[in-house]
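The file protein-v5.cif comes next; it holds mmCIF, C-alpha atoms.
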```cif
data_upload
loop_
_atom_site.label_atom_id
_atom_site.label_comp_id
_atom_site.auth_asym_id
_atom_site.auth_seq_id
_atom_site.Cartn_x
_atom_site.Cartn_y
_atom_site.Cartn_z
CA MET A 304 0.00 0.00 0.00
CA ILE A 305 1.40 3.38 -0.87
CA LEU A 306 1.21 6.45 1.39
CA LEU A 307 1.30 10.05 0.25
CA ASN A 308 3.00 11.25 3.44
CA ASP A 309 6.34 10.38 1.86
CA ILE A 310 7.72 13.16 -0.36
CA SER A 311 9.46 10.85 -2.86
CA GLN A 312 6.28 8.82 -3.22
CA THR A 313 4.17 11.95 -3.77
CA VAL A 314 6.62 13.17 -6.43
CA LEU A 315 6.40 9.79 -8.14
CA ILE A 316 2.58 9.63 -8.06
CA ILE A 317 2.15 13.07 -9.64
CA LEU A 318 4.80 12.33 -12.25
CA SER A 319 3.24 8.94 -13.01
CA ILE A 320 -0.04 10.57 -14.10
CA GLY A 321 1.84 12.69 -16.64
CA LEU A 322 4.03 9.80 -17.77
CA LEU A 323 0.98 7.59 -18.30
CA ILE A 324 -0.70 10.26 -20.44
CA SER A 325 2.51 10.92 -22.37
CA THR A 326 3.10 7.20 -23.01
CA LEU A 327 -0.49 6.69 -24.19
CA GLU A 328 -0.01 9.68 -26.52
CA TYR A 329 3.10 8.01 -27.98
CA LEU A 330 1.10 4.78 -28.38
CA LYS A 331 -1.58 6.69 -30.28
CA LYS A 332 1.10 8.17 -32.57
CA VAL A 333 3.25 5.04 -32.82
CA GLN A 334 3.14 5.23 -36.63
CA ILE A 335 5.72 8.02 -36.45
CA PHE A 336 8.23 5.21 -35.79
CA SER A 337 7.07 3.07 -38.77
CA PRO A 338 9.31 2.84 -41.88
CA ASN A 339 7.40 5.73 -43.46
CA GLY A 340 7.07 7.78 -40.27
CA LEU A 341 8.87 10.97 -39.23
CA LEU A 342 11.09 9.11 -36.73
CA SER A 343 11.65 5.99 -38.83
CA TRP A 344 14.62 4.04 -37.52
CA ASN A 345 15.85 3.71 -41.13
CA VAL A 346 16.70 7.39 -40.87
CA MET A 347 17.23 7.92 -37.14
CA GLN A 348 20.01 5.31 -36.97
CA LEU A 349 22.14 7.59 -39.16
CA LYS A 350 22.77 9.61 -36.00
CA TRP A 351 25.02 6.82 -34.74
CA THR A 352 27.92 7.21 -37.12
CA LYS A 353 30.74 5.87 -34.97
CA GLN A 354 31.37 2.13 -34.98
CA ASP A 355 31.79 1.89 -31.18
CA GLU A 356 28.47 3.68 -30.62
CA LYS A 357 26.77 1.38 -33.11
CA SER A 358 28.11 -1.79 -31.50
CA PHE A 359 27.23 -0.51 -28.01
CA PHE A 360 23.60 0.22 -28.86
CA LYS A 361 23.13 -2.52 -31.48
CA PRO A 362 21.25 -4.93 -29.14
CA LEU A 363 18.56 -2.23 -28.78
CA PHE A 364 18.21 -1.43 -32.47
CA LYS A 365 15.72 -4.25 -33.15
CA LEU A 366 13.38 -2.59 -30.69
CA PHE A 367 13.14 0.64 -32.67
CA SER A 368 10.39 -0.41 -35.04
CA ALA A 369 6.76 0.66 -34.59
CA PRO A 370 5.72 -2.77 -33.14
CA GLY A 371 8.82 -2.88 -30.90
CA LEU A 372 8.21 0.57 -29.50
CA ALA A 373 4.47 -0.10 -29.14
CA ALA A 374 5.39 -3.10 -26.96
CA LEU A 375 7.81 -0.90 -24.97
CA PHE A 376 5.10 1.73 -24.40
CA ILE A 377 2.55 -0.89 -23.30
CA ILE A 378 5.07 -2.34 -20.84
CA ARG A 379 5.78 1.19 -19.60
CA CYS A 380 2.05 1.76 -18.94
CA LEU A 381 1.90 -1.49 -16.95
CA LEU A 382 4.97 -0.47 -14.92
CA ILE A 383 3.38 2.90 -14.10
CA ILE A 384 0.16 1.21 -12.99
CA GLY A 385 2.22 -1.27 -10.94
CA LEU A 386 3.86 1.63 -9.12
CA LEU A 387 0.43 2.60 -7.73
CA PHE A 388 0.42 -0.64 -5.73
CA PHE A 389 4.03 -0.98 -4.59
CA PRO A 390 5.78 1.71 -2.52
CA LEU A 391 8.99 3.14 -3.92
CA GLN A 392 10.92 1.92 -0.87
CA SER A 393 9.89 -1.72 -1.42
CA THR A 394 12.08 -3.99 -3.54
CA THR A 395 9.25 -4.55 -6.02
CA GLY A 396 8.58 -0.81 -6.24
CA TRP A 397 12.27 -0.14 -6.89
CA VAL A 398 12.44 -2.84 -9.60
CA LEU A 399 9.34 -1.35 -11.29
CA ILE A 400 10.70 2.20 -11.28
CA SER A 401 14.10 0.96 -12.51
CA LEU A 402 12.47 -0.80 -15.46
CA LEU A 403 10.48 2.38 -16.09
CA GLY A 404 13.75 4.35 -16.10
CA VAL A 405 15.33 1.88 -18.55
CA SER A 406 12.31 2.19 -20.87
CA LEU A 407 12.64 6.01 -20.82
CA LEU A 408 16.37 5.89 -21.54
CA VAL A 409 15.96 3.39 -24.38
CA ALA A 410 13.15 5.39 -26.02
CA SER A 411 15.20 8.60 -25.72
CA LEU A 412 17.63 7.17 -28.32
CA VAL A 413 14.93 7.31 -30.97
CA THR A 414 12.94 10.35 -29.78
CA TYR A 415 15.96 12.63 -30.24
CA TYR A 416 13.73 14.99 -32.20
CA GLY A 417 10.33 15.73 -30.69
CA SER A 418 11.11 15.36 -27.00
CA ASP A 419 10.78 18.43 -24.80
CA GLY A 420 11.67 19.85 -21.41
CA SER A 421 8.93 17.87 -19.70
CA ASP A 422 10.44 14.60 -20.98
CA GLN A 423 13.81 15.67 -19.62
CA MET A 424 12.35 16.67 -16.25
CA SER A 425 10.53 13.32 -16.05
CA MET A 426 13.69 11.38 -16.83
CA LEU A 427 15.66 13.46 -14.33
CA ILE A 428 13.13 12.72 -11.55
CA ILE A 429 12.88 9.00 -12.32
CA ILE A 430 16.66 8.47 -12.42
CA THR A 431 17.08 10.40 -9.16
CA LEU A 432 14.39 8.33 -7.44
CA ILE A 433 16.02 5.10 -8.69
CA LEU A 434 19.47 6.09 -7.44
CA CYS A 435 18.26 7.40 -4.08
CA ASN A 436 15.96 4.50 -3.20
CA LEU A 437 18.12 1.45 -3.94
CA PRO A 438 17.00 -1.15 -1.35
CA ALA A 439 19.66 -2.13 1.21
CA PHE A 440 21.90 0.78 0.15
CA THR A 441 19.69 3.77 0.64
CA THR A 442 19.55 5.93 3.73
CA GLY A 443 17.19 8.68 4.82
CA LYS A 444 19.97 11.16 4.09
CA LEU A 445 20.36 9.95 0.50
CA ARG A 446 16.59 10.18 -0.07
CA ASP A 447 16.72 13.78 1.19
CA ILE A 448 19.63 14.53 -1.17
CA GLY A 449 17.54 13.19 -4.07
CA ILE A 450 14.61 15.42 -3.13
CA TRP A 451 16.95 18.43 -2.84
CA PHE A 452 18.30 17.66 -6.32
CA ILE A 453 14.79 17.54 -7.83
CA GLY A 454 13.73 20.78 -6.09
CA LEU A 455 16.92 22.61 -7.08
CA GLN A 456 16.65 21.48 -10.71
CA ALA A 457 13.07 22.80 -10.78
CA CYS A 458 14.20 26.18 -9.41
CA LEU A 459 17.12 26.27 -11.85
CA SER A 460 14.74 25.61 -14.74
CA TYR A 461 12.50 28.56 -13.83
CA THR A 462 15.42 30.93 -13.22
CA VAL A 463 17.20 30.03 -16.46
CA ALA A 464 13.93 30.46 -18.37
CA GLY A 465 13.37 33.82 -16.65
CA ILE A 466 16.88 35.16 -17.32
CA ALA A 467 16.75 33.99 -20.95
CA LYS A 468 13.52 35.99 -21.32
CA LEU A 469 14.95 39.00 -19.49
CA VAL A 470 17.80 39.33 -22.01
CA SER A 471 15.39 39.00 -24.92
CA ALA A 472 14.20 42.26 -26.51
CA GLU A 473 11.02 40.55 -27.71
CA TRP A 474 10.09 39.52 -24.17
CA ARG A 475 11.03 42.86 -22.63
CA SER A 476 8.99 44.80 -25.20
CA GLY A 477 5.96 42.72 -24.26
CA THR A 478 5.18 41.20 -27.66
CA ALA A 479 6.50 37.66 -27.16
CA ILE A 480 3.39 36.02 -25.72
CA LYS A 481 1.11 37.52 -28.37
CA ASP A 482 3.50 36.29 -31.07
CA VAL A 483 3.67 32.76 -29.64
CA PHE A 484 -0.11 32.64 -29.19
CA SER A 485 -0.46 33.71 -32.82
CA THR A 486 1.12 30.50 -34.08
CA LYS A 487 -0.93 27.43 -34.85
CA THR A 488 1.82 25.29 -33.30
CA TYR A 489 1.65 26.70 -29.76
CA GLY A 490 -1.07 29.31 -29.92
CA SER A 491 -4.78 29.80 -29.93
CA LYS A 492 -6.88 32.01 -32.17
CA LYS A 493 -9.01 33.31 -29.30
CA ALA A 494 -6.04 34.10 -27.05
CA SER A 495 -4.22 35.74 -29.94
CA LEU A 496 -7.18 38.00 -30.80
CA LEU A 497 -7.64 38.89 -27.14
CA LEU A 498 -4.01 39.94 -26.75
CA GLN A 499 -4.12 41.93 -29.98
CA LYS A 500 -7.09 43.81 -28.56
CA TYR A 501 -5.41 44.49 -25.20
CA PRO A 502 -1.67 45.19 -25.68
CA SER A 503 -1.28 46.15 -22.02
CA ALA A 504 -2.40 42.63 -21.01
CA ASN A 505 0.32 41.28 -23.29
CA ARG A 506 2.97 43.44 -21.62
CA PHE A 507 1.70 42.48 -18.17
CA LEU A 508 1.84 38.75 -19.00
CA CYS A 509 5.35 38.97 -20.47
CA TRP A 510 6.74 40.80 -17.44
CA ASN A 511 4.79 38.62 -15.05
CA VAL A 512 6.45 35.52 -16.52
CA ILE A 513 9.92 37.15 -16.65
CA ILE A 514 9.81 38.32 -13.02
CA MET A 515 8.19 35.26 -11.45
CA GLU A 516 10.42 32.79 -13.30
CA THR A 517 13.60 34.72 -12.49
CA ILE A 518 12.91 35.02 -8.76
CA PHE A 519 11.26 31.61 -8.42
CA PRO A 520 14.06 30.15 -6.21
CA LEU A 521 12.97 32.57 -3.46
CA CYS A 522 10.30 29.97 -2.70
CA LEU A 523 13.05 27.90 -1.10
CA ILE A 524 14.02 30.52 1.46
CA LEU A 525 10.88 32.56 2.10
CA PRO A 526 8.59 31.65 5.00
CA TRP A 527 6.07 29.09 3.74
CA GLN A 528 3.06 31.47 3.72
CA TYR A 529 4.95 33.62 1.14
CA ALA A 530 6.70 30.77 -0.64
CA ILE A 531 3.38 29.16 -1.50
CA VAL A 532 2.55 32.19 -3.68
CA PHE A 533 5.23 30.98 -6.12
CA LEU A 534 3.79 27.48 -6.21
CA ILE A 535 0.26 28.78 -6.79
CA TRP A 536 1.63 31.00 -9.56
CA GLY A 537 3.42 27.96 -11.05
CA PHE A 538 0.23 25.90 -10.91
CA ILE A 539 -1.77 28.60 -12.74
CA PHE A 540 1.08 29.18 -15.23
CA HIS A 541 1.38 25.49 -16.15
CA PHE A 542 -2.39 25.03 -16.24
CA PHE A 543 -2.77 27.86 -18.74
CA THR A 544 0.19 26.75 -20.86
CA ALA A 545 -1.51 23.35 -21.03
CA LEU A 546 -4.86 24.93 -21.85
CA ILE A 547 -3.73 27.52 -24.41
CA MET A 548 -0.50 26.02 -25.77
CA GLY A 549 -1.31 22.31 -25.45
CA LEU A 550 1.77 21.70 -23.26
CA ASN A 551 -0.02 19.16 -21.07
CA SER A 552 3.01 17.07 -20.12
CA PHE A 553 4.81 20.11 -18.65
CA PHE A 554 2.01 20.49 -16.11
CA TRP A 555 2.55 17.04 -14.57
CA ALA A 556 6.36 17.02 -14.83
CA PHE A 557 6.71 20.36 -13.06
CA MET A 558 3.90 19.82 -10.53
CA ALA A 559 5.78 16.65 -9.52
CA THR A 560 8.70 18.81 -8.37
CA TYR A 561 6.57 20.97 -6.05
CA PRO A 562 6.50 18.49 -3.13
CA ALA A 563 10.33 18.58 -3.32
CA ILE A 564 10.26 22.39 -3.12
CA TYR A 565 7.89 22.16 -0.13
CA PHE A 566 10.33 19.74 1.52
CA ILE A 567 13.36 21.98 0.96
CA ASN A 568 11.48 25.03 2.22
CA HIS A 569 10.56 23.18 5.42
CA GLN A 570 14.12 21.89 5.88
CA MET A 571 15.67 25.33 5.68
CA PRO A 572 17.11 26.16 9.09
CA TRP A 573 16.57 29.85 8.41
CA HIS A 574 14.30 31.97 6.28
CA LEU A 575 14.83 35.28 4.55
CA PHE A 576 12.98 37.19 7.26
CA MET B 78 36.04 10.27 11.06
CA LEU B 79 33.88 8.91 8.26
CA LYS B 80 33.77 5.13 8.38
CA LEU B 81 33.65 3.70 4.87
CA ASN B 82 31.24 0.89 4.29
CA PRO B 83 29.29 -0.02 1.12
CA ILE B 84 26.32 2.15 2.16
CA VAL B 85 28.49 5.22 2.79
CA ILE B 86 30.43 4.66 -0.45
CA TYR B 87 27.16 4.34 -2.40
CA GLU B 88 25.83 7.52 -0.77
CA LEU B 89 29.00 9.41 -1.72
CA VAL B 90 28.98 8.15 -5.31
CA VAL B 91 25.31 9.10 -5.84
CA THR B 92 25.83 12.50 -4.18
CA PHE B 93 28.81 13.26 -6.44
CA PHE B 94 26.89 12.06 -9.50
CA LEU B 95 23.90 14.33 -8.72
CA ALA B 96 26.24 17.25 -7.97
CA PHE B 97 27.99 16.71 -11.32
CA TRP B 98 24.62 16.47 -13.10
CA PHE B 99 23.48 19.75 -11.53
CA LEU B 100 26.74 21.49 -12.40
CA ALA B 101 26.65 20.15 -15.97
CA THR B 102 23.08 21.45 -16.31
CA ILE B 103 24.18 24.94 -15.24
CA LEU B 104 27.16 24.85 -17.65
CA CYS B 105 24.95 23.85 -20.57
CA GLN B 106 22.50 26.76 -20.29
CA PHE B 107 22.78 29.97 -22.33
CA LYS B 108 25.95 30.29 -24.48
CA GLU B 109 27.47 27.26 -26.15
CA THR B 110 31.03 26.79 -24.89
CA LYS B 111 33.65 24.09 -25.46
CA ILE B 112 32.67 22.41 -22.20
CA SER B 113 28.95 22.55 -22.91
CA SER B 114 29.46 21.18 -26.45
CA PHE B 115 31.60 18.36 -25.06
CA ILE B 116 28.97 17.46 -22.44
CA ARG B 117 26.03 17.73 -24.82
CA TYR B 118 27.48 16.00 -27.89
CA LYS B 119 30.08 13.59 -26.46
CA ILE B 120 28.70 12.47 -23.10
CA ASP B 121 24.96 13.02 -23.11
CA TYR B 122 23.73 10.14 -25.29
CA PHE B 123 20.36 10.02 -23.52
CA ASN B 124 19.56 13.74 -23.64
CA LEU B 125 19.75 13.98 -19.84
CA ILE B 126 21.16 17.51 -19.74
CA PRO B 127 18.20 19.81 -20.18
CA LEU B 128 18.13 23.22 -21.79
CA TRP B 129 15.75 25.21 -19.61
CA THR B 130 15.50 28.38 -21.75
CA PHE B 131 11.91 27.70 -22.83
CA PHE B 132 10.64 30.05 -25.59
CA ALA B 133 13.59 32.39 -25.05
CA PRO B 134 15.51 34.39 -26.03
CA HIS B 135 13.61 33.98 -29.33
CA PRO B 136 10.00 32.95 -28.80
CA GLY B 137 8.81 30.59 -31.56
CA LYS B 138 6.56 33.02 -33.39
CA ARG B 139 6.41 31.29 -36.78
CA ASP B 140 4.59 28.19 -38.01
CA TYR B 141 6.56 25.90 -40.27
CA HIS B 142 5.10 24.40 -43.43
CA LEU B 143 6.42 21.48 -45.41
CA LEU B 144 5.28 21.23 -49.03
CA TYR B 145 6.26 18.95 -51.88
CA ARG B 146 5.67 18.56 -55.61
CA ASP B 147 6.58 16.05 -58.32
CA LYS B 148 8.23 16.57 -61.68
CA ILE B 149 5.88 15.16 -64.32
CA THR B 150 7.91 16.18 -67.40
CA ASP B 151 10.87 18.54 -67.77
CA ILE B 152 8.52 21.51 -67.91
CA ASP B 153 5.48 20.21 -66.09
CA TYR B 154 5.14 19.90 -62.32
CA SER B 155 2.33 18.82 -60.04
CA ASP B 156 0.73 21.34 -57.66
CA TRP B 157 2.37 21.90 -54.29
CA GLN B 158 0.90 19.64 -51.59
CA GLU B 159 1.24 20.52 -47.91
CA MET B 160 1.97 17.95 -45.21
CA GLU B 161 -0.67 18.45 -42.53
CA ILE B 162 1.20 19.22 -39.36
CA THR B 163 -0.20 22.36 -37.83
CA GLU B 164 -3.77 21.27 -37.23
CA GLU B 165 -5.75 23.13 -34.58
CA ARG B 166 -6.07 21.66 -31.12
CA THR B 167 -9.23 20.21 -29.61
CA ILE B 168 -10.86 21.35 -26.37
CA TRP B 169 -9.23 18.35 -24.64
CA SER B 170 -5.66 19.23 -25.66
CA TRP B 171 -4.91 20.51 -22.14
CA LEU B 172 -5.21 16.91 -20.98
CA TRP B 173 -4.73 14.73 -24.05
CA ASN B 174 -2.61 16.08 -26.89
CA PRO B 175 -0.91 13.38 -29.00
CA GLU B 176 -0.72 15.74 -31.99
CA LYS B 177 1.93 17.82 -30.25
CA ARG B 178 4.57 15.17 -31.04
CA ASP B 179 4.38 15.52 -34.86
CA LYS B 180 4.47 19.30 -34.56
CA LYS B 181 7.42 19.25 -32.16
CA ILE B 182 9.38 16.77 -34.31
CA LEU B 183 8.96 18.87 -37.43
CA SER B 184 9.63 22.06 -35.52
CA ASP B 185 12.86 20.58 -34.06
CA VAL B 186 13.97 19.23 -37.44
CA VAL B 187 13.27 22.50 -39.26
CA GLN B 188 14.98 24.57 -36.55
CA SER B 189 17.98 22.29 -36.71
CA LEU B 190 18.03 22.61 -40.50
CA VAL B 191 17.62 26.39 -40.43
CA SER B 192 20.33 26.85 -37.82
CA SER B 193 22.79 24.74 -39.83
CA ILE B 194 22.25 26.60 -43.15
CA PRO B 195 24.69 29.50 -42.38
CA SER B 196 27.50 27.15 -41.35
CA TYR B 197 27.06 25.07 -44.55
CA ARG B 198 27.12 28.26 -46.62
CA GLU B 199 30.25 29.44 -44.82
CA LYS B 200 32.20 26.17 -44.88
CA ALA B 201 31.23 24.71 -48.24
CA GLY B 202 30.20 27.85 -50.10
CA SER B 203 26.98 26.16 -51.16
CA LEU B 204 24.16 24.17 -49.61
CA ASN B 205 24.97 20.93 -51.45
CA LEU B 206 26.40 19.26 -48.35
CA LEU B 207 23.25 20.11 -46.42
CA MET B 208 21.61 17.23 -48.31
CA PHE B 209 23.69 14.79 -46.25
CA SER B 210 22.62 16.25 -42.92
CA MET B 211 20.29 14.33 -40.61
CA PRO B 212 17.44 16.92 -40.56
CA TYR B 213 17.45 17.20 -44.37
CA ILE B 214 17.25 13.42 -44.72
CA ILE B 215 14.38 13.25 -42.20
CA VAL B 216 12.39 15.85 -44.15
CA LEU B 217 13.14 14.16 -47.50
CA HIS B 218 12.19 10.78 -46.04
CA ALA B 219 8.91 12.21 -44.71
CA VAL B 220 7.84 13.76 -48.01
CA SER B 221 8.95 10.73 -50.05
CA GLN B 222 6.34 8.56 -48.28
CA TYR B 223 3.41 10.33 -49.93
CA LYS B 224 1.70 8.97 -53.05
CA LYS B 225 3.87 9.31 -56.13
CA GLN B 226 2.69 10.69 -59.48
CA SER B 227 4.61 7.99 -61.37
CA GLN B 228 6.77 4.96 -60.68
CA ASN B 229 9.98 6.80 -61.50
CA CYS B 230 9.23 9.90 -59.51
CA TYR B 231 11.31 13.02 -58.88
CA ARG B 232 10.17 15.02 -55.87
CA GLN B 233 11.08 18.46 -54.56
CA PHE B 234 10.22 19.85 -51.15
CA MET B 235 9.88 23.35 -49.83
CA LEU B 236 10.13 24.57 -46.25
CA ALA B 237 8.22 27.75 -45.59
CA GLU B 238 7.23 29.74 -42.55
CA SER B 239 4.18 31.84 -41.76
CA SER B 240 3.00 33.88 -38.81
CA GLY B 241 -0.02 31.71 -38.00
CA TYR B 242 -3.14 33.66 -37.14
CA GLN B 243 -1.46 37.03 -37.83
CA LYS B 244 -2.18 37.63 -41.47
CA GLU B 245 -0.17 40.82 -41.82
CA THR B 246 3.09 39.00 -42.58
CA ALA B 247 3.32 37.00 -45.80
CA PRO B 248 4.59 33.40 -45.67
CA SER B 249 8.27 33.18 -46.58
CA LEU B 250 10.51 30.54 -48.08
CA ILE B 251 13.17 28.87 -45.92
CA LEU B 252 14.53 26.20 -48.22
CA LEU B 253 13.77 24.83 -51.65
CA SER B 254 15.29 21.42 -52.31
CA VAL B 255 16.51 20.03 -55.61
CA PHE B 256 14.45 17.26 -57.21
CA HIS B 257 15.24 13.91 -55.65
CA GLN B 258 14.51 10.59 -57.29
CA ILE B 259 12.37 8.62 -54.85
#
```
Turn the structure described in the file into structure tokens.
Amino acid sequence: MILLNDISQTVLIILSIGLLISTLEYLKKVQIFSPNGLLSWNVMQLKWTKQDEKSFFKPLFKLFSAPGLAALFIIRCLLIIGLLFFPLQSTTGWVLISLLGVSLLVASLVTYYGSDGSDQMSMLIIITLILCNLPAFTTGKLRDIGIWFIGLQACLSYTVAGIAKLVSAEWRSGTAIKDVFSTKTYGSKKASLLLQKYPSANRFLCWNVIIMETIFPLCLILPWQYAIVFLIWGFIFHFFTALIMGLNSFFWAFMATYPAIYFINHQMPWHLF
Amino acid sequence: MLKLNPIVIYELVVTFFLAFWFLATILCQFKETKISSFIRYKIDYFNLIPLWTFFAPHPGKRDYHLLYRDKITDIDYSDWQEMEITEERTIWSWLWNPEKRDKKILSDVVQSLVSSIPSYREKAGSLNLLMFSMPYIIVLHAVSQYKKQSQNCYRQFMLAESSGYQKETAPSLILLSVFHQI
């Protein structure tokens, strides 16, 4: 039976929802890996030009057909469901999450194009949980280190995104969000028209994202009643990027890091004031 | 004094690994340096070092379009056909959005192709070598899967960009390929 009073377990449960959705999405689009698909292995294998790389990964190459990857995705779904029944700290739970990690690493060889920051955050969390929960070798201290790593990576991601926007003239001038929303790839016709009508809303949104992302790590050191403002902002931000931009997997991958941020905040021996 | 036993050694190894991972992530943000290139292209086979600069410094404000046509005779060509990749999302896309993968793949491939064009121009003086690059081959492979006009078909593709719902900017050409026998 799993309990949500454990931070690592809570991180894993939230992430699992996103991973299950993302894996089912890949299953739906598995034809992209077929011989005539965008990520056909006939073409993707050209990335491995060196002989030593080819011989190292060769045992996996048979897997990179549409049926092979469909089987991998189905197994991954079963592993995720299995993790709902076995705690991370149990041997079975650890074996399940390790196999899940292996499936993510193997698939990453063929999804070189098309993967995004949420896939990387998911992989980062899963590998950390595997390493920090190895039965018989793990200690409470190591689990804490793993949670710190996840929380710090989350804060780093927001700050880097914020600084990158701050140095961008398009973001500073307050046109970036309108321009992104105007694309069919990441935008929405309604949102685009709305922002064209209200340029001040566009400027407000751009600066809101720049400022909140840049100072996001303050949530680690502010007293909890103030720190939670950042997490509520993050929740709303990711919800709307899922709603307007279709970035659904980012929501789950980044929400999964919030229990780690909560943990770090509560472990801080001092706060800013 | 720290007493070394397998548990302590394991704890130290994992701690150092995570510290290295965090440091490598910091080094690989923003400007590309020798160290970041080495980490990203020589060590990171599994794409484990993220780039966290989402939609910045240049927000993706263009939609990419991939079109192709066949040569029927030396002077006669079929009409341009567009590969459907930028279809509009459904009301459930906030929860379930499998279509995002195709769009992201093409967007990544095109961006990779576009970013490599200047270096090919500079090094080789022409874009002929671009035809051997991975993104070019992916695009050619994708368009070559569509129904052919004849058995012995020659196909050309065009990459173009538009500003989506903003109609004030005209679509522009990124790359026009030569005719390839497919």
Checklist outcome for this item: Between atom CA of B:Leu104 and atom CA of A:Ile310 lies a distance of 28.5 Å
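Distances to chain B were evaluated for A:Gly321, A:Gly477, A:Gly549, A:Gly385 using all atoms listed in the file, and the minimum falls at A:Gly549.
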Next on the checklist: For a quick test of understanding: name the residues of chain A lying within 6 Å of chain B when counting all atoms listed in the file, and present them as a ChimeraX atom specification.
Outcome noted: /A:328,339,341,411,416-417,440,460,463-464,467-468,471,482-483,485-488,545-546,549,551
Checklist entry - In Å to one decimal, how far is atom CA of A:Trp351 from atom CA of A:Leu327? => result 27.6 Å
Item to check | atom CA of A:Lys331 to atom CA of A:Asp422, distance in Å rounded to a single decimal | outcome: 17.1 Å
Checklist entry - Out of A:Asn345, A:Thr544, A:Gln570, A:Asn505, which residue has the shortest atom-to-atom distance to A:Pro526 when counting all atoms listed in the file? => result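 Checking each candidate against A:Pro526, we get A:Gln570 as the closest.
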I need the residue set behind the PyMOL selection byres ((chain A and resi 522) around 8) for this file; please write it as an mmCIF file with C-alpha atoms, in the coordinates of the input.
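File part-v3.cif, as written:
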```
data_model
loop_
_atom_site.group_PDB
_atom_site.id
_atom_site.type_symbol
_atom_site.label_atom_id
_atom_site.label_comp_id
_atom_site.auth_asym_id
_atom_site.auth_seq_id
_atom_site.Cartn_x
_atom_site.Cartn_y
_atom_site.Cartn_z
ATOM 1 C CA PHE A 519 11.260 31.610 -8.420
ATOM 2 C CA PRO A 520 14.060 30.150 -6.210
ATOM 3 C CA LEU A 521 12.970 32.570 -3.460
ATOM 4 C CA LEU A 523 13.050 27.900 -1.100
ATOM 5 C CA ILE A 524 14.020 30.520 1.460
ATOM 6 C CA LEU A 525 10.880 32.560 2.100
ATOM 7 C CA TRP A 527 6.070 29.090 3.740
ATOM 8 C CA TYR A 529 4.950 33.620 1.140
ATOM 9 C CA ALA A 530 6.700 30.770 -0.640
ATOM 10 C CA ILE A 531 3.380 29.160 -1.500
ATOM 11 C CA PHE A 533 5.230 30.980 -6.120
ATOM 12 C CA LEU A 534 3.790 27.480 -6.210
ATOM 13 C CA ILE A 564 10.260 22.390 -3.120
ATOM 14 C CA ASN A 568 11.480 25.030 2.220
#
```
Next on the checklist: For the PyMOL selection byres ((chain A and resi 337) around 12), applied here, can you spell out every residue it catches as number ranges by chain?
Outcome noted: A: 332-336, 338-347, 366-373, 413; B: 218-219, 222
Checklist entry - Which is closer to A:Gly396 than all the others in A:Ile448, A:Ile433, A:Ala479, A:Met426, using all atoms listed in the file? => result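 The closest residue to A:Gly396 is A:Ile433.
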Next on the checklist: Which residue is closest to A:Gln423? Choose from A:Leu402, A:Ala556, A:Ala563, A:Met571 and count all atoms listed in the file.
Outcome noted: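 Looking only at the distances to A:Gln423, the closest residue turns out to be A:Ala556.
Residue nearest B:Lys148, chosen from B:Ile116, B:Lys200, B:Ala237, B:Cys230 and counting only C-alpha atoms: B:Cys230.
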